[in-house]
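The structure appears below as structure tokens.
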Amino acid sequence: MTKPRRLLLRLSLGTTLLVPLGAGITLDGVDHRPYMASAYATETAARLRESIRAGAIVHGDLEAGFGRARLTPTIDAPHDDPSRGQFRSMPLAGFGSRDGKPATGTHDDLEVKAVAFRVADQLGVMVGADALIIPPEVTEAVMHRVESELHLSRQQVYLSATHSHSSLGGWGEGRVAESFAGGFQPGVRVWFADRIVAAIAESLGDLTPAEFGQGRFDAREFVRNRLVQERGTVDPEFSFVVLKQAGGRIGVLGSYAAHATVLPAAVMQFSADYPGVWQRAVESATGGIAVFLAGGVGSHGPVTPTRGFEGAQLMGDGLARQLLDQLPNVPLSRQVAFGTFGLAVSLPELNVRVSDGIRLRPWLAAHLVPAKTRTYLQAFRLQDAVWVSTPCDFSGELALGIKDFLRARTGRQAVITSFNGDYVGYVVLPRYYHMDGYEPRTMSFFGPTVPDYFDDLIRRMALHMASR
């Protein structure tokens, strides 16, 4: 046998041995073991029991305060100055097809808004940002300042975002984050966190006696199941809270399940999409402040006769008209039941898949998706409703089940919101897990048991908050 042929044979044999060896090192089967007996669920259940024992709902006169801060960055600045929101350039977050290109300007301003509640000795703030999500690194920076400067704990700060896909990017580090938020710019986190802290601080400084009311209306004409279309269900409810300060100023919190993707990837200007239109329309009509918090947007898309800014205007105005028709009939009261609840949730290993039944081993997946051992679930009791924040694109179909459960068991309402200052991907119905596609395959980071796991925890949290 010639020397070249011997070398070729050795290479062939080596490859034959290395391919399965490499696959064994890098790949594994998806973990389908039930969550109930797992170490992560057992740890979380113990913390849940402790939180339930320590939690309290108070009843009394309400004080409410409103705050806002401009989030729109200034671009084309001569140099970056994150403390003033000035940047040479900044990408938009939301669509990977933009390839990280910089924004070309501003169509409508982005804001962070906050509503503070105080009843007896209980204080909490609900925050909505005109952003895709509130990244965990931003939350960490916010809480560092809020705890030291404003003396609030994580449990007292309820975070959410509008989920606009045309808001500021550059805040994510790593392949997955940068694929839909553009190249990493550390200064964006500084600006983003500062705006949230400013809105919270203003709301606390504005606390004054106020009246409270709440309601909901059916807006199914604007939402669809984008994952399985008519074979699935949708959450059609637009839920809202109205607050009227003693001086007459109005504040409205609203939540709805349709993705803020009326604006397509071709749009390269900053915009809050249809939630921004809704907020501006409500503020114009009431002279107050309107805050939008994305609902269970996982698998839920918007329905409009046309896309682009015209479609966003039609949808936002349509939702605003329905809300404004409701407001005169909402009874208001000074007396409110209020409480806050937070739960650190232990997570399973990463289950980032390369096919339906095969995943990357967690050590390798951690190079693509941040490896988390814990995340966070949270609830606020607001009179006859429990608002629950989730760290994900939470399924509107899962939210429907939770709402029906709480109504049947307690007669109270549940509102489920997404993007609470952490992000663990999409959490959709377990029966969709084996489907191909973006939501059930690419973005289901932590495996098939997480939807049932989160659903169980949220039901137990909501039942505790509603029963007192």
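Residue names in the structure tokens use chain letters A, B, ... in the order shown, residue numbers from 1 in each chain, and ligand numbers from 1 in the order shown.
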Contacts of stretch 418-423 of chain A at 9 Å (only C-alpha atoms; same-chain gap of 2+ positions) as an MDAnalysis selection string | chainID A and resid 132:140 158:163 293:298 375:378 388:394 416 425:426
Output N, CA and C atoms for every residue in the selection just made, as a tab-separated table (two decimals), in the first residue's frame.
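And here's result19.tsv as it stands now:
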chain	number	residue	atom	x	y	z
A	132	LEU	N	-38.86	46.23	22.78
A	132	LEU	CA	-39.10	44.83	22.45
A	132	LEU	C	-39.25	44.00	23.72
A	133	ILE	N	-38.26	44.09	24.58
A	133	ILE	CA	-38.29	43.45	25.90
A	133	ILE	C	-37.55	44.38	26.86
A	134	ILE	N	-37.55	44.03	28.14
A	134	ILE	CA	-36.63	44.66	29.09
A	134	ILE	C	-35.57	43.61	29.40
A	135	PRO	N	-34.36	43.78	28.88
A	135	PRO	CA	-33.33	42.75	29.02
A	135	PRO	C	-32.90	42.57	30.47
A	136	PRO	N	-32.46	41.37	30.85
A	136	PRO	CA	-32.08	41.12	32.24
A	136	PRO	C	-30.94	42.00	32.73
A	137	GLU	N	-29.99	42.33	31.85
A	137	GLU	CA	-28.89	43.18	32.27
A	137	GLU	C	-29.37	44.59	32.61
A	138	VAL	N	-30.39	45.05	31.88
A	138	VAL	CA	-30.98	46.35	32.18
A	138	VAL	C	-31.73	46.29	33.51
A	139	THR	N	-32.47	45.21	33.72
A	139	THR	CA	-33.19	45.03	34.98
A	139	THR	C	-32.24	45.04	36.15
A	140	GLU	N	-31.11	44.35	36.00
A	140	GLU	CA	-30.13	44.32	37.08
A	140	GLU	C	-29.63	45.72	37.41
A	158	TYR	N	-42.95	45.96	39.01
A	158	TYR	CA	-43.60	45.10	38.00
A	158	TYR	C	-43.24	45.66	36.64
A	159	LEU	N	-42.45	44.90	35.87
A	159	LEU	CA	-41.94	45.38	34.59
A	159	LEU	C	-42.67	44.73	33.42
A	160	SER	N	-42.81	45.49	32.34
A	160	SER	CA	-43.31	44.95	31.09
A	160	SER	C	-42.88	45.88	29.95
A	161	ALA	N	-43.16	45.46	28.74
A	161	ALA	CA	-42.82	46.24	27.55
A	161	ALA	C	-43.97	46.15	26.56
A	162	THR	N	-44.00	47.07	25.60
A	162	THR	CA	-45.03	47.03	24.57
A	162	THR	C	-44.75	45.96	23.53
A	163	HIS	N	-43.49	45.52	23.45
A	163	HIS	CA	-43.01	44.55	22.47
A	163	HIS	C	-42.94	45.12	21.06
A	293	LEU	N	-48.99	47.42	28.45
A	293	LEU	CA	-48.18	46.28	28.83
A	293	LEU	C	-48.57	45.10	27.93
A	294	ALA	N	-47.61	44.53	27.22
A	294	ALA	CA	-47.91	43.42	26.32
A	294	ALA	C	-48.49	42.25	27.10
A	295	GLY	N	-49.57	41.67	26.58
A	295	GLY	CA	-50.21	40.54	27.24
A	295	GLY	C	-49.54	39.22	26.85
A	296	GLY	N	-50.33	38.16	26.75
A	296	GLY	CA	-49.81	36.86	26.35
A	296	GLY	C	-49.61	36.81	24.85
A	297	VAL	N	-48.51	37.40	24.38
A	297	VAL	CA	-48.30	37.58	22.94
A	297	VAL	C	-47.74	36.35	22.25
A	298	GLY	N	-47.30	35.35	23.01
A	298	GLY	CA	-46.80	34.13	22.39
A	298	GLY	C	-47.88	33.48	21.54
A	375	THR	N	-35.18	32.27	36.98
A	375	THR	CA	-35.88	33.42	36.40
A	375	THR	C	-36.87	33.92	37.44
A	376	TYR	N	-37.90	34.68	37.00
A	376	TYR	CA	-38.74	35.37	37.97
A	376	TYR	C	-40.18	35.41	37.49
A	377	LEU	N	-41.10	35.12	38.39
A	377	LEU	CA	-42.53	35.33	38.18
A	377	LEU	C	-43.03	36.29	39.25
A	378	GLN	N	-44.04	37.06	38.91
A	378	GLN	CA	-44.47	38.11	39.82
A	378	GLN	C	-45.96	38.36	39.66
A	388	VAL	N	-50.24	39.18	36.48
A	388	VAL	CA	-49.08	38.30	36.61
A	388	VAL	C	-48.09	38.62	35.50
A	389	SER	N	-46.84	38.87	35.87
A	389	SER	CA	-45.80	39.17	34.88
A	389	SER	C	-44.96	37.93	34.63
A	390	THR	N	-44.57	37.71	33.38
A	390	THR	CA	-43.81	36.53	32.99
A	390	THR	C	-42.54	36.93	32.23
A	391	PRO	N	-41.50	36.08	32.27
A	391	PRO	CA	-40.20	36.43	31.67
A	391	PRO	C	-40.03	35.91	30.25
A	392	CYS	N	-41.02	36.13	29.40
A	392	CYS	CA	-41.02	35.43	28.12
A	392	CYS	C	-42.08	36.03	27.21
A	393	ASP	N	-42.13	35.49	25.98
A	393	ASP	CA	-43.32	35.63	25.13
A	393	ASP	C	-44.29	34.56	25.63
A	394	PHE	N	-45.19	34.93	26.54
A	394	PHE	CA	-46.07	33.94	27.15
A	394	PHE	C	-47.28	33.69	26.26
A	416	ILE	N	-52.42	38.40	32.30
A	416	ILE	CA	-51.06	37.87	32.15
A	416	ILE	C	-50.29	38.77	31.20
A	425	GLY	N	-37.28	33.05	26.37
A	425	GLY	CA	-37.79	32.60	25.08
A	425	GLY	C	-39.31	32.58	25.02
A	426	TYR	N	-39.85	31.68	24.18
A	426	TYR	CA	-41.30	31.52	24.04
A	426	TYR	C	-41.78	30.40	24.96
7 Å contact set for A:Ala260, only C-alpha atoms, chain neighbours under 6 positions out, as a list of chain:residue names = A:His163, A:Ser164, A:His165, A:Asp273, A:Tyr274
Between A:Gly128, A:Val157, A:Val188, A:Ala64, which is the closest to A:Ser89 once you count only C-alpha atoms?
-> A:Val188
Please provide the set of residues having any atom within 9 Å of A:Ile52, restricted to only C-alpha atoms, with same-chain residues fewer than 3 positions apart removed, written as a ChimeraX atom specification.
-> /A:47-49,55-56,341,461,464-465
Output of the above residues as an mmCIF file, in the first residue's frame, restricted to N, CA, C and O atoms:
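Output saved as result27.cif:
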data_model
loop_
_atom_site.group_PDB
_atom_site.id
_atom_site.type_symbol
_atom_site.label_atom_id
_atom_site.label_comp_id
_atom_site.auth_asym_id
_atom_site.auth_seq_id
_atom_site.Cartn_x
_atom_site.Cartn_y
_atom_site.Cartn_z
ATOM 1 N N ARG A 47 -39.741 27.636 47.800
ATOM 2 C CA ARG A 47 -39.761 29.107 47.847
ATOM 3 C C ARG A 47 -41.189 29.637 47.730
ATOM 4 O O ARG A 47 -41.542 30.648 48.353
ATOM 5 N N LEU A 48 -42.005 28.967 46.923
ATOM 6 C CA LEU A 48 -43.396 29.389 46.780
ATOM 7 C C LEU A 48 -44.134 29.286 48.110
ATOM 8 O O LEU A 48 -44.880 30.197 48.490
ATOM 9 N N ARG A 49 -43.935 28.207 48.825
ATOM 10 C CA ARG A 49 -44.596 28.051 50.130
ATOM 11 C C ARG A 49 -44.154 29.140 51.096
ATOM 12 O O ARG A 49 -44.980 29.699 51.842
ATOM 13 N N GLY A 55 -46.588 36.543 52.330
ATOM 14 C CA GLY A 55 -47.325 37.534 51.549
ATOM 15 C C GLY A 55 -48.539 38.082 52.273
ATOM 16 O O GLY A 55 -49.139 37.411 53.107
ATOM 17 N N ALA A 56 -48.861 39.327 51.948
ATOM 18 C CA ALA A 56 -50.013 39.970 52.582
ATOM 19 C C ALA A 56 -50.751 40.826 51.559
ATOM 20 O O ALA A 56 -50.139 41.483 50.717
ATOM 21 N N PHE A 341 -46.262 40.190 44.969
ATOM 22 C CA PHE A 341 -45.785 38.830 45.181
ATOM 23 C C PHE A 341 -44.682 38.547 44.164
ATOM 24 O O PHE A 341 -44.857 38.812 42.965
ATOM 25 N N MET A 461 -49.868 30.904 42.379
ATOM 26 C CA MET A 461 -49.649 32.282 42.799
ATOM 27 C C MET A 461 -50.937 33.096 42.707
ATOM 28 O O MET A 461 -51.305 33.826 43.636
ATOM 29 N N HIS A 464 -53.552 32.180 45.323
ATOM 30 C CA HIS A 464 -53.194 32.746 46.634
ATOM 31 C C HIS A 464 -53.516 34.233 46.690
ATOM 32 O O HIS A 464 -54.120 34.713 47.666
ATOM 33 N N MET A 465 -53.144 34.973 45.643
ATOM 34 C CA MET A 465 -53.371 36.418 45.639
ATOM 35 C C MET A 465 -54.848 36.762 45.572
ATOM 36 O O MET A 465 -55.292 37.776 46.135
#
Write out as a PyMOL selection string each polymer residue whose atoms come within 12 Å of A:His32, counting only C-alpha atoms; drop sequence neighbours fewer than 5 positions from it.
-> chain A and resi 38+348-349+351+356-359+430+433-434+446-450
Between atom CA of A:Val197 and atom CA of A:Gly288 lies a distance of 20.4 Å
Find the residue from A:Ala379, A:Val176, A:Val303, A:Ala462 that sits nearest to A:Met126; use only C-alpha atoms when measuring.
-> A:Ala379
Identify all residues of stretch 73-262 of chain A in helix (DSSP H, G or I) (DSSP on the backbone) and supply them as a short mmCIF file (atom, residue, chain, number, x, y, z; two decimals) with C-alpha atoms, in the first residue's frame.
data_model
loop_
_atom_site.label_atom_id
_atom_site.label_comp_id
_atom_site.auth_asym_id
_atom_site.auth_seq_id
_atom_site.Cartn_x
_atom_site.Cartn_y
_atom_site.Cartn_z
CA PRO A 82 -25.27 57.29 26.99
CA SER A 83 -26.10 59.42 30.02
CA ARG A 84 -27.86 61.87 27.68
CA GLY A 96 -33.33 39.42 12.38
CA SER A 97 -33.82 40.22 8.68
CA ARG A 98 -32.67 43.79 9.36
CA PRO A 136 -32.08 41.12 32.24
CA GLU A 137 -28.89 43.18 32.27
CA VAL A 138 -30.98 46.35 32.18
CA THR A 139 -33.19 45.03 34.98
CA GLU A 140 -30.13 44.32 37.08
CA ALA A 141 -28.87 47.88 36.61
CA VAL A 142 -32.34 49.29 37.35
CA MET A 143 -32.74 47.31 40.55
CA HIS A 144 -29.27 48.24 41.78
CA ARG A 145 -30.29 51.90 41.65
CA VAL A 146 -33.92 51.45 42.70
CA GLU A 147 -32.97 49.47 45.80
CA SER A 148 -30.32 51.96 46.90
CA GLU A 149 -31.96 55.23 45.82
CA LEU A 150 -35.70 54.54 46.06
CA ARG A 154 -37.63 43.53 43.09
CA GLN A 155 -41.03 42.28 44.24
CA GLN A 156 -42.34 45.86 44.25
CA ARG A 175 -25.29 35.48 18.93
CA VAL A 176 -28.99 35.08 19.65
CA ALA A 177 -29.50 38.52 21.21
CA GLU A 178 -27.50 40.30 18.52
CA SER A 179 -29.34 38.47 15.75
CA PHE A 180 -32.57 40.33 16.58
CA ALA A 181 -31.28 43.38 18.48
CA PRO A 186 -22.96 48.76 26.20
CA GLY A 187 -24.12 52.37 26.42
CA VAL A 188 -27.65 51.41 25.37
CA ARG A 189 -28.07 49.53 28.64
CA VAL A 190 -27.00 52.62 30.58
CA TRP A 191 -29.57 54.81 28.80
CA PHE A 192 -32.36 52.23 29.01
CA ALA A 193 -31.87 51.64 32.74
CA ASP A 194 -31.69 55.36 33.49
CA ARG A 195 -35.02 55.98 31.75
CA ILE A 196 -36.77 53.28 33.77
CA VAL A 197 -35.38 54.61 37.04
CA ALA A 198 -36.42 58.16 36.10
CA ALA A 199 -40.02 57.08 35.37
CA ILE A 200 -40.25 55.11 38.63
CA ALA A 201 -38.85 57.99 40.66
CA GLU A 202 -41.31 60.45 39.13
CA SER A 203 -44.26 58.16 39.86
CA LEU A 204 -43.25 57.84 43.51
CA GLY A 205 -42.92 61.61 43.81
CA ARG A 220 -61.07 39.81 18.90
CA GLU A 221 -61.22 41.68 15.59
CA PHE A 222 -57.59 42.78 16.08
CA GLN A 229 -54.42 30.06 12.74
CA GLU A 230 -58.07 28.99 13.07
CA ARG A 231 -57.10 25.62 14.59
#
What lies within 12 Å of A:Gly247 using only C-alpha atoms, ignoring chain neighbours under 4 positions off, as a VMD selection string?
-> chain A and resid 63 to 65 206 to 211 243 251 288
For A:Asp218, find every residue with an atom within 7 Å (counting only C-alpha atoms), except residues of its own chain fewer than 6 positions away, and show them as a CSV table (one decimal) with N, CA, C and O atoms, in the first residue's frame.
chain,number,residue,atom,x,y,z
A,236,PRO,N,-59.0,37.3,23.5
A,236,PRO,CA,-59.5,38.5,22.8
A,236,PRO,C,-59.6,39.7,23.8
A,236,PRO,O,-60.0,40.8,23.4
A,237,GLU,N,-59.3,39.5,25.1
A,237,GLU,CA,-59.6,40.5,26.1
A,237,GLU,C,-58.6,41.6,26.1
A,237,GLU,O,-57.4,41.4,26.1
A,238,PHE,N,-59.1,42.8,26.0
A,238,PHE,CA,-58.3,44.0,26.4
A,238,PHE,C,-58.6,44.4,27.8
A,238,PHE,O,-59.7,44.7,28.1
Stretch 278-447 of chain A: which residues are strand (DSSP E or B) by DSSP, as a ChimeraX atom specification?
-> /A:289-294,298,300-302,333,335-346,353,358-360,374-382,385-389,393-395,413-417,426-427
Residue subset to file, keeping N, CA and C atoms, as a short mmCIF file (atom, residue, chain, number, x, y, z; two decimals), in the first residue's frame:
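Okay, part-v5.cif is ready:
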data_model
loop_
_atom_site.label_atom_id
_atom_site.label_comp_id
_atom_site.auth_asym_id
_atom_site.auth_seq_id
_atom_site.Cartn_x
_atom_site.Cartn_y
_atom_site.Cartn_z
N ILE A 289 -52.21 59.99 31.44
CA ILE A 289 -51.12 59.12 31.02
C ILE A 289 -51.71 57.74 30.72
N ALA A 290 -51.21 57.10 29.67
CA ALA A 290 -51.65 55.76 29.29
C ALA A 290 -50.42 54.87 29.17
N VAL A 291 -50.50 53.69 29.75
CA VAL A 291 -49.37 52.76 29.80
C VAL A 291 -49.82 51.42 29.22
N PHE A 292 -49.11 50.93 28.21
CA PHE A 292 -49.44 49.65 27.58
C PHE A 292 -48.46 48.59 28.03
N LEU A 293 -48.99 47.42 28.45
CA LEU A 293 -48.18 46.28 28.83
C LEU A 293 -48.57 45.10 27.93
N ALA A 294 -47.61 44.53 27.22
CA ALA A 294 -47.91 43.42 26.32
C ALA A 294 -48.49 42.25 27.10
N GLY A 298 -47.30 35.35 23.01
CA GLY A 298 -46.80 34.13 22.39
C GLY A 298 -47.88 33.48 21.54
N HIS A 300 -49.69 34.92 19.29
CA HIS A 300 -50.76 35.86 18.93
C HIS A 300 -50.22 37.01 18.07
N GLY A 301 -50.85 37.22 16.93
CA GLY A 301 -50.44 38.29 16.04
C GLY A 301 -51.54 39.31 15.84
N PRO A 302 -51.21 40.48 15.27
CA PRO A 302 -52.22 41.53 15.04
C PRO A 302 -53.00 41.29 13.76
N SER A 333 -63.47 53.75 43.01
CA SER A 333 -63.51 53.65 44.46
C SER A 333 -62.15 53.99 45.05
N GLN A 335 -61.31 52.74 47.99
CA GLN A 335 -60.94 51.52 48.71
C GLN A 335 -60.46 50.45 47.73
N VAL A 336 -59.26 49.93 47.98
CA VAL A 336 -58.64 48.99 47.05
C VAL A 336 -57.96 47.87 47.84
N ALA A 337 -58.05 46.65 47.31
CA ALA A 337 -57.23 45.54 47.79
C ALA A 337 -55.94 45.54 46.97
N PHE A 338 -54.80 45.48 47.65
CA PHE A 338 -53.51 45.60 46.95
C PHE A 338 -52.47 44.72 47.62
N GLY A 339 -51.61 44.13 46.81
CA GLY A 339 -50.50 43.35 47.33
C GLY A 339 -49.53 43.01 46.22
N THR A 340 -48.30 42.68 46.57
CA THR A 340 -47.26 42.29 45.61
C THR A 340 -46.74 40.91 45.98
N PHE A 341 -46.26 40.19 44.97
CA PHE A 341 -45.79 38.83 45.18
C PHE A 341 -44.68 38.55 44.16
N GLY A 342 -43.56 38.02 44.63
CA GLY A 342 -42.47 37.68 43.73
C GLY A 342 -41.95 36.28 44.00
N LEU A 343 -41.53 35.59 42.95
CA LEU A 343 -41.06 34.22 43.10
C LEU A 343 -39.86 33.96 42.20
N ALA A 344 -38.73 33.63 42.80
CA ALA A 344 -37.56 33.17 42.04
C ALA A 344 -37.82 31.74 41.59
N VAL A 345 -37.74 31.49 40.29
CA VAL A 345 -38.10 30.21 39.70
C VAL A 345 -36.85 29.52 39.16
N SER A 346 -36.53 28.35 39.71
CA SER A 346 -35.41 27.55 39.19
C SER A 346 -35.80 26.93 37.86
N ARG A 353 -32.64 22.90 20.52
CA ARG A 353 -32.72 21.75 19.64
C ARG A 353 -32.10 21.98 18.26
N ILE A 358 -33.52 16.02 19.21
CA ILE A 358 -32.10 16.16 19.53
C ILE A 358 -31.79 17.60 19.92
N ARG A 359 -31.09 17.74 21.03
CA ARG A 359 -30.68 19.07 21.49
C ARG A 359 -29.16 19.16 21.57
N LEU A 360 -28.68 20.38 21.58
CA LEU A 360 -27.28 20.61 21.91
C LEU A 360 -27.09 20.33 23.40
N ARG A 374 -32.06 30.48 37.11
CA ARG A 374 -33.29 31.00 37.71
C ARG A 374 -33.89 32.10 36.84
N THR A 375 -35.18 32.27 36.98
CA THR A 375 -35.88 33.42 36.40
C THR A 375 -36.87 33.92 37.44
N TYR A 376 -37.90 34.68 37.00
CA TYR A 376 -38.74 35.37 37.97
C TYR A 376 -40.18 35.41 37.49
N LEU A 377 -41.10 35.12 38.39
CA LEU A 377 -42.53 35.33 38.18
C LEU A 377 -43.03 36.29 39.25
N GLN A 378 -44.04 37.06 38.91
CA GLN A 378 -44.47 38.11 39.82
C GLN A 378 -45.96 38.36 39.66
N ALA A 379 -46.59 38.83 40.72
CA ALA A 379 -48.02 39.14 40.67
C ALA A 379 -48.32 40.38 41.50
N PHE A 380 -49.25 41.18 41.01
CA PHE A 380 -49.82 42.31 41.76
C PHE A 380 -51.32 42.05 41.90
N ARG A 381 -51.83 42.20 43.09
CA ARG A 381 -53.28 42.18 43.31
C ARG A 381 -53.79 43.60 43.19
N LEU A 382 -54.69 43.83 42.27
CA LEU A 382 -55.32 45.12 42.06
C LEU A 382 -56.83 44.95 42.16
N ALA A 385 -58.68 41.88 40.52
CA ALA A 385 -57.88 41.25 39.48
C ALA A 385 -56.48 40.95 40.00
N VAL A 386 -55.88 39.91 39.45
CA VAL A 386 -54.48 39.58 39.72
C VAL A 386 -53.72 39.72 38.41
N TRP A 387 -52.74 40.62 38.40
CA TRP A 387 -51.88 40.81 37.23
C TRP A 387 -50.61 40.00 37.47
N VAL A 388 -50.24 39.18 36.48
CA VAL A 388 -49.08 38.30 36.61
C VAL A 388 -48.09 38.62 35.50
N SER A 389 -46.84 38.87 35.87
CA SER A 389 -45.80 39.17 34.88
C SER A 389 -44.96 37.93 34.63
N ASP A 393 -42.13 35.49 25.98
CA ASP A 393 -43.32 35.63 25.13
C ASP A 393 -44.29 34.56 25.63
N PHE A 394 -45.19 34.93 26.54
CA PHE A 394 -46.07 33.94 27.15
C PHE A 394 -47.28 33.69 26.26
N SER A 395 -47.68 32.44 26.16
CA SER A 395 -48.77 32.05 25.27
C SER A 395 -50.10 32.66 25.69
N GLN A 413 -60.53 38.13 38.30
CA GLN A 413 -59.95 38.15 36.97
C GLN A 413 -58.43 37.97 37.04
N ALA A 414 -57.86 37.42 35.99
CA ALA A 414 -56.41 37.35 35.84
C ALA A 414 -56.00 38.10 34.58
N VAL A 415 -54.87 38.78 34.66
CA VAL A 415 -54.26 39.43 33.50
C VAL A 415 -52.81 38.95 33.44
N ILE A 416 -52.42 38.40 32.30
CA ILE A 416 -51.06 37.87 32.15
C ILE A 416 -50.29 38.77 31.20
N THR A 417 -49.13 39.24 31.64
CA THR A 417 -48.29 40.08 30.80
C THR A 417 -46.93 39.42 30.58
N TYR A 426 -39.85 31.68 24.18
CA TYR A 426 -41.30 31.52 24.04
C TYR A 426 -41.78 30.40 24.96
N VAL A 427 -42.96 30.61 25.54
CA VAL A 427 -43.62 29.57 26.33
C VAL A 427 -45.00 29.38 25.72
#
Nearest candidate to A:Thr373 (options A:Leu350, A:Leu406, A:Ala116, A:Thr233; using only C-alpha atoms) = A:Leu350
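Coordinates place atom CA of A:Arg459 at a distance of 19.1 Å from atom CA of A:Val234.
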